[in-house]
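K.L.:
I have a structure here, written as structure tokens, and I will follow up with some questions on it.
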Amino acid sequence: MKHSHCSRLLLVCSVLVLCLVTGGARCNKLSSNFYDWTCPGVYNIVQQHVFSAMSEELRMGASLLRLHFHDCFVNGCDGSILLDGADGEKFALPNMNSVRGYEVIDAIKADLENMCPGVVSCADVVALAAGYGVLFSGGPYYNVLLGRRDGLKANQSGAANGLPSPFEPISSIVKKFADVGLDTKDVVVLSGAHTIGRARCVLFSDRLASTKSSANPTLDATMAANLQKLCTGGDGNQTTALDVSSADVFDKQYYHNLLNKKGLLSSDQGLFSADEDVVASTTKALVQTYSDDGEQFFSDFGASMVKMGSIPLPAGSAGEIRCNCRVPNPK
């Protein structure tokens, strides 16, 4: 046991030396076995916490997946969304009253710091937690690549302006994906994450009837009437399932919904119902493919998650391994 501990410590030190000598180049390579020697218990700890959190609230799987997505789209997957402070990304408009799961990440990190202090990054915890959130919701297992480092500061303006909005046309969303190295196929595949989770009325009430207009014609009439009852007279924070057919199960039903005008958000339904152009014809064909072939959706979803999880950090971002995910390490 003592020899194993010494070997592990030596390996950690060797990795740190390589990072310093190469200017961080070797530290940016992600792999599925990154912690096999330095913290092999990381998988069990993350798995146990996610399973426990989802046992209390099944929706937490979707929340952890969303947390990872919103982290990666701003400065890459660097855990910066977890940072507290008035200028934090978590307080940007797309994240306020929306992104959840911070306490689950805190609990995982506390256990990891007890087991292997200073080894596992908060960014990797978020990535692993998202993977288990998908798996425990009935979705695919995919190899989560690890080895990220934590960002030193948040980017609130990046979160406010760079995250895709449910109110944007598909062409704008495709552009934001392209800005981080993802393509149109990734847009359709990763939108399939909306097969689980919930959304607030404020995010889709523009599609409902008002004193000035009738409900959006791309929204099923019965569904529109039910949503109208839910949202009328409220403050916009009432929630409903993103997938009206199988709210808590990760499956291909999301795409079936789009074929039947039952996509909740405008950005969801737009994948199938947007005006015809090159982008729309591509997204429509993919929606039809995944509505027919759940295995293909699962396979492509895993591939797109790995791709998203590998969005590069800005040049010169050496990062650190935070001891507390909410604050940078003291200097």
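Each chain in the structure tokens gets a letter, A, B, ..., in the order shown, and its residues are numbered from 1; ligands are numbered from 1 in order too.
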Please produce, as JSON lines, a per-residue contact table for segment 242-307 of chain A versus segment 174-188 of chain A (criterion: any atom at most 8 Å away, only C-alpha atoms considered), showing the nearest atom pair and its distance in Å to one decimal, sorted by chain then residue number.

P.N.:
```
{"residue": "A:Leu271", "atom": "CA", "partner": "A:Val188", "partner_atom": "CA", "distance": 7.0}
{"residue": "A:Val279", "atom": "CA", "partner": "A:Thr184", "partner_atom": "CA", "distance": 7.5}
{"residue": "A:Thr282", "atom": "CA", "partner": "A:Thr184", "partner_atom": "CA", "distance": 7.7}
{"residue": "A:Thr283", "atom": "CA", "partner": "A:Val188", "partner_atom": "CA", "distance": 6.3}
{"residue": "A:Leu286", "atom": "CA", "partner": "A:Val188", "partner_atom": "CA", "distance": 6.9}
{"residue": "A:Val287", "atom": "CA", "partner": "A:Val188", "partner_atom": "CA", "distance": 7.1}
{"residue": "A:Ser304", "atom": "CA", "partner": "A:Asp186", "partner_atom": "CA", "distance": 5.8}
{"residue": "A:Lys307", "atom": "CA", "partner": "A:Leu182", "partner_atom": "CA", "distance": 7.6}
```

K.L.:
For the residues in the current selection, export C-alpha atoms as a short mmCIF file (atom, residue, chain, number, x, y, z; two decimals), in the first residue's frame.

P.N.:
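And here is the file that came out, again_9.cif:
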```
data_model
loop_
_atom_site.label_atom_id
_atom_site.label_comp_id
_atom_site.auth_asym_id
_atom_site.auth_seq_id
_atom_site.Cartn_x
_atom_site.Cartn_y
_atom_site.Cartn_z
CA LEU A 271 -34.85 22.27 -36.25
CA VAL A 279 -29.26 24.79 -42.90
CA THR A 282 -29.90 19.64 -43.10
CA THR A 283 -31.45 19.89 -39.64
CA LEU A 286 -31.27 14.78 -39.19
CA VAL A 287 -34.43 15.12 -37.08
CA SER A 304 -20.85 15.10 -30.07
CA LYS A 307 -16.36 16.81 -29.25
#
```

K.L.:
What's the separation between atom CA of Lys252 of chain A and atom CA of Ser98 of chain A, in Å to one decimal place?

P.N.:
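Interatomic distance here is 23.8 Å.
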
K.L.:
Within 10 Å of Leu227 of chain A, counting only C-alpha atoms, which residues show up once you throw out same-chain ones fewer than 4 positions away? Write them as a VMD selection string, please.

P.N.:
chain A and resid 201 204 to 205 207 to 209 221 to 223 231 to 232 239 to 240 264

K.L.:
Report the distance between atom CA of Asn75 of chain A and atom CA of Leu152 of chain A in Å, rounded to one decimal place.

P.N.:
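Separation of atom CA of Asn75 of chain A and atom CA of Leu152 of chain A: 11.0 Å.
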
K.L.:
Restricting the calculation to only C-alpha atoms, which member of A:Ile45, A:Asn161, A:Ser299, A:Leu93 is positioned closest to Tyr142 of chain A?

P.N.:
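Checking each candidate against Tyr142 of chain A, we get A:Ser299 as the closest.
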
K.L.:
DSSP on the backbone, then: every residue of segment 117-276 of chain A marked alpha helix (DSSP H), written as a PyMOL selection string.

P.N.:
chain A and resi 122-135+156-162+170-179+184-191+221-231+253-259+266-273

K.L.:
Residues of the last selection are to be written out with C-alpha atoms, as a PDB file, in the first residue's frame.

P.N.:
```pdb
ATOM      1  CA  CYS A 122     -13.646  20.921 -11.158  1.00  0.00           C
ATOM      2  CA  ALA A 123     -14.069  20.997 -14.941  1.00  0.00           C
ATOM      3  CA  ASP A 124     -13.539  17.237 -15.073  1.00  0.00           C
ATOM      4  CA  VAL A 125     -16.011  16.718 -12.234  1.00  0.00           C
ATOM      5  CA  VAL A 126     -18.657  18.594 -14.249  1.00  0.00           C
ATOM      6  CA  ALA A 127     -17.892  16.553 -17.383  1.00  0.00           C
ATOM      7  CA  LEU A 128     -18.102  13.231 -15.534  1.00  0.00           C
ATOM      8  CA  ALA A 129     -21.256  14.235 -13.666  1.00  0.00           C
ATOM      9  CA  ALA A 130     -22.932  15.129 -16.973  1.00  0.00           C
ATOM     10  CA  GLY A 131     -21.985  11.738 -18.408  1.00  0.00           C
ATOM     11  CA  TYR A 132     -23.513   9.876 -15.485  1.00  0.00           C
ATOM     12  CA  GLY A 133     -26.561  12.150 -15.615  1.00  0.00           C
ATOM     13  CA  VAL A 134     -27.157  10.989 -19.183  1.00  0.00           C
ATOM     14  CA  LEU A 135     -26.484   7.330 -18.363  1.00  0.00           C
ATOM     15  CA  GLN A 156     -19.836  36.844 -17.708  1.00  0.00           C
ATOM     16  CA  SER A 157     -20.060  38.780 -20.971  1.00  0.00           C
ATOM     17  CA  GLY A 158     -19.063  35.638 -22.870  1.00  0.00           C
ATOM     18  CA  ALA A 159     -21.895  33.747 -21.179  1.00  0.00           C
ATOM     19  CA  ALA A 160     -24.367  36.544 -21.864  1.00  0.00           C
ATOM     20  CA  ASN A 161     -23.525  36.763 -25.557  1.00  0.00           C
ATOM     21  CA  GLY A 162     -22.015  33.408 -26.577  1.00  0.00           C
ATOM     22  CA  ILE A 170     -31.450  28.170 -36.150  1.00  0.00           C
ATOM     23  CA  SER A 171     -28.952  29.931 -38.412  1.00  0.00           C
ATOM     24  CA  SER A 172     -27.722  32.037 -35.470  1.00  0.00           C
ATOM     25  CA  ILE A 173     -27.437  28.983 -33.242  1.00  0.00           C
ATOM     26  CA  VAL A 174     -25.462  27.161 -35.932  1.00  0.00           C
ATOM     27  CA  LYS A 175     -23.114  30.175 -36.077  1.00  0.00           C
ATOM     28  CA  LYS A 176     -22.523  30.069 -32.305  1.00  0.00           C
ATOM     29  CA  PHE A 177     -21.780  26.356 -32.490  1.00  0.00           C
ATOM     30  CA  ALA A 178     -19.359  26.979 -35.362  1.00  0.00           C
ATOM     31  CA  ASP A 179     -17.602  29.634 -33.275  1.00  0.00           C
ATOM     32  CA  THR A 184     -24.758  21.699 -37.801  1.00  0.00           C
ATOM     33  CA  LYS A 185     -24.966  18.006 -36.990  1.00  0.00           C
ATOM     34  CA  ASP A 186     -23.772  18.768 -33.452  1.00  0.00           C
ATOM     35  CA  VAL A 187     -26.568  21.345 -33.142  1.00  0.00           C
ATOM     36  CA  VAL A 188     -29.231  18.740 -33.889  1.00  0.00           C
ATOM     37  CA  VAL A 189     -27.595  15.983 -31.850  1.00  0.00           C
ATOM     38  CA  LEU A 190     -26.903  18.057 -28.734  1.00  0.00           C
ATOM     39  CA  SER A 191     -30.372  19.636 -28.908  1.00  0.00           C
ATOM     40  CA  ALA A 221     -52.858  23.427 -30.721  1.00  0.00           C
ATOM     41  CA  THR A 222     -53.662  21.139 -27.776  1.00  0.00           C
ATOM     42  CA  MET A 223     -50.167  21.514 -26.366  1.00  0.00           C
ATOM     43  CA  ALA A 224     -50.419  25.299 -26.791  1.00  0.00           C
ATOM     44  CA  ALA A 225     -53.699  25.372 -24.847  1.00  0.00           C
ATOM     45  CA  ASN A 226     -52.207  23.337 -21.986  1.00  0.00           C
ATOM     46  CA  LEU A 227     -49.155  25.565 -21.828  1.00  0.00           C
ATOM     47  CA  GLN A 228     -51.400  28.638 -21.843  1.00  0.00           C
ATOM     48  CA  LYS A 229     -53.146  27.351 -18.708  1.00  0.00           C
ATOM     49  CA  LEU A 230     -49.814  26.682 -17.018  1.00  0.00           C
ATOM     50  CA  CYS A 231     -48.270  30.064 -17.730  1.00  0.00           C
ATOM     51  CA  GLN A 253     -38.926  10.805 -28.401  1.00  0.00           C
ATOM     52  CA  TYR A 254     -37.700  14.414 -28.533  1.00  0.00           C
ATOM     53  CA  TYR A 255     -37.346  14.066 -32.309  1.00  0.00           C
ATOM     54  CA  HIS A 256     -40.782  12.450 -32.680  1.00  0.00           C
ATOM     55  CA  ASN A 257     -42.190  15.493 -30.898  1.00  0.00           C
ATOM     56  CA  LEU A 258     -40.659  17.824 -33.476  1.00  0.00           C
ATOM     57  CA  LEU A 259     -42.321  15.892 -36.309  1.00  0.00           C
ATOM     58  CA  SER A 266     -38.739  27.786 -30.593  1.00  0.00           C
ATOM     59  CA  SER A 267     -35.130  26.666 -31.057  1.00  0.00           C
ATOM     60  CA  ASP A 268     -36.240  23.026 -30.745  1.00  0.00           C
ATOM     61  CA  GLN A 269     -39.139  23.153 -33.177  1.00  0.00           C
ATOM     62  CA  GLY A 270     -37.075  25.269 -35.546  1.00  0.00           C
ATOM     63  CA  LEU A 271     -34.849  22.268 -36.246  1.00  0.00           C
ATOM     64  CA  PHE A 272     -37.749  20.779 -38.189  1.00  0.00           C
ATOM     65  CA  SER A 273     -40.110  23.652 -38.977  1.00  0.00           C
TER      66      SER A 273
END
```

K.L.:
Under the rule that only C-alpha atoms are counted, which of A:Ser121, A:Thr38, A:Asn33, A:Ser137 is the nearest residue to Phe51 of chain A?

P.N.:
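Residue with the minimum atom-to-atom distance to Phe51 of chain A: A:Ser137.
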
K.L.:
Restricting the calculation to only C-alpha atoms: of A:Gly151, A:Gly76, A:Gly139, A:Pro94, which residue gets closest to Ala318 of chain A?

P.N.:
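Closest candidate: A:Gly151.
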
K.L.:
Considering only strand (DSSP E) as DSSP defines it on the backbone, what residues of segment 92-316 of chain A qualify? List them as a PDB file with N, CA and C atoms, in the first residue's frame.

P.N.:
```pdb
ATOM      1  N   ARG A 198     -36.460  20.376 -17.855  1.00  0.00           N
ATOM      2  CA  ARG A 198     -37.628  21.248 -17.836  1.00  0.00           C
ATOM      3  C   ARG A 198     -37.239  22.648 -18.289  1.00  0.00           C
ATOM      4  N   ALA A 199     -38.239  23.445 -18.651  1.00  0.00           N
ATOM      5  CA  ALA A 199     -38.006  24.829 -19.052  1.00  0.00           C
ATOM      6  C   ALA A 199     -39.065  25.725 -18.424  1.00  0.00           C
ATOM      7  N   ARG A 200     -38.684  26.979 -18.187  1.00  0.00           N
ATOM      8  CA  ARG A 200     -39.603  27.954 -17.588  1.00  0.00           C
ATOM      9  C   ARG A 200     -40.481  28.605 -18.652  1.00  0.00           C
ATOM     10  N   THR A 239     -42.593  25.770 -14.562  1.00  0.00           N
ATOM     11  CA  THR A 239     -41.829  24.909 -15.465  1.00  0.00           C
ATOM     12  C   THR A 239     -42.680  23.773 -16.014  1.00  0.00           C
ATOM     13  N   THR A 240     -42.248  23.280 -17.163  1.00  0.00           N
ATOM     14  CA  THR A 240     -42.862  22.099 -17.755  1.00  0.00           C
ATOM     15  C   THR A 240     -41.775  21.294 -18.449  1.00  0.00           C
ATOM     16  N   ALA A 241     -42.074  20.043 -18.756  1.00  0.00           N
ATOM     17  CA  ALA A 241     -41.088  19.154 -19.366  1.00  0.00           C
ATOM     18  C   ALA A 241     -40.739  19.610 -20.779  1.00  0.00           C
TER      19      ALA A 241
END
```

K.L.:
Kindly give the distance, in Å, that separates atom CA of Gly197 of chain A and atom CA of Arg100 of chain A, rounded to a single decimal.

P.N.:
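Rounded to one decimal, the two atoms are 11.2 Å apart.
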
K.L.:
Considering only C-alpha atoms, state which residue in the set A:Ser55, A:Gly309, A:Asp251, A:Asp275 is at the smallest distance from Asp293 of chain A.

P.N.:
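Ranking A:Ser55, A:Gly309, A:Asp251, A:Asp275 by distance to Asp293 of chain A, first place goes to A:Asp251.
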
K.L.:
Taking 3 positions as the minimum chain separation for residues in the same chain, which residues sit within 7 Å of Ala247 of chain A when counting only C-alpha atoms? Answer as an MDAnalysis selection string.

P.N.:
chainID A and resid 195:197 241:244

K.L.:
Take the selection from the previous step and output its residues with N, CA, C and O atoms, as an mmCIF file, in the first residue's frame.

P.N.:
```cif
data_model
loop_
_atom_site.group_PDB
_atom_site.id
_atom_site.type_symbol
_atom_site.label_atom_id
_atom_site.label_comp_id
_atom_site.auth_asym_id
_atom_site.auth_seq_id
_atom_site.Cartn_x
_atom_site.Cartn_y
_atom_site.Cartn_z
ATOM 1 N N THR A 195 -34.425 15.909 -24.464
ATOM 2 C CA THR A 195 -35.296 14.766 -24.198
ATOM 3 C C THR A 195 -35.497 14.596 -22.692
ATOM 4 O O THR A 195 -36.384 13.848 -22.259
ATOM 5 N N ILE A 196 -34.668 15.278 -21.895
ATOM 6 C CA ILE A 196 -34.854 15.311 -20.436
ATOM 7 C C ILE A 196 -34.771 16.770 -19.976
ATOM 8 O O ILE A 196 -34.251 17.631 -20.674
ATOM 9 N N GLY A 197 -35.295 17.034 -18.801
ATOM 10 C CA GLY A 197 -35.216 18.373 -18.234
ATOM 11 C C GLY A 197 -36.501 19.171 -18.377
ATOM 12 O O GLY A 197 -37.501 18.697 -18.940
ATOM 13 N N ALA A 241 -42.074 20.043 -18.756
ATOM 14 C CA ALA A 241 -41.088 19.154 -19.366
ATOM 15 C C ALA A 241 -40.739 19.610 -20.779
ATOM 16 O O ALA A 241 -41.607 19.997 -21.564
ATOM 17 N N LEU A 242 -39.452 19.547 -21.102
ATOM 18 C CA LEU A 242 -39.008 19.842 -22.459
ATOM 19 C C LEU A 242 -39.518 18.784 -23.447
ATOM 20 O O LEU A 242 -39.801 19.087 -24.596
ATOM 21 N N ASP A 243 -39.608 17.561 -22.979
ATOM 22 C CA ASP A 243 -40.115 16.457 -23.785
ATOM 23 C C ASP A 243 -41.469 16.050 -23.212
ATOM 24 O O ASP A 243 -41.546 15.383 -22.180
ATOM 25 N N VAL A 244 -42.530 16.453 -23.878
ATOM 26 C CA VAL A 244 -43.877 16.251 -23.363
ATOM 27 C C VAL A 244 -44.255 14.777 -23.311
ATOM 28 O O VAL A 244 -45.166 14.370 -22.574
#
```

K.L.:
With only C-alpha atoms as the atoms that count, which of A:Tyr141, A:Tyr43, A:Phe73, A:Tyr35 lies nearest to Gly302 of chain A?

P.N.:
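Of A:Tyr141, A:Tyr43, A:Phe73, A:Tyr35, the one nearest Gly302 of chain A is A:Tyr141, counting only C-alpha atoms.
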
K.L.:
Which one is closest to Phe136 of chain A: A:Ala53, A:Leu83, A:Ile108, A:Val202? Count only C-alpha atoms.

P.N.:
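Looking at the shortest contact to Phe136 of chain A, the residue is A:Ala53.
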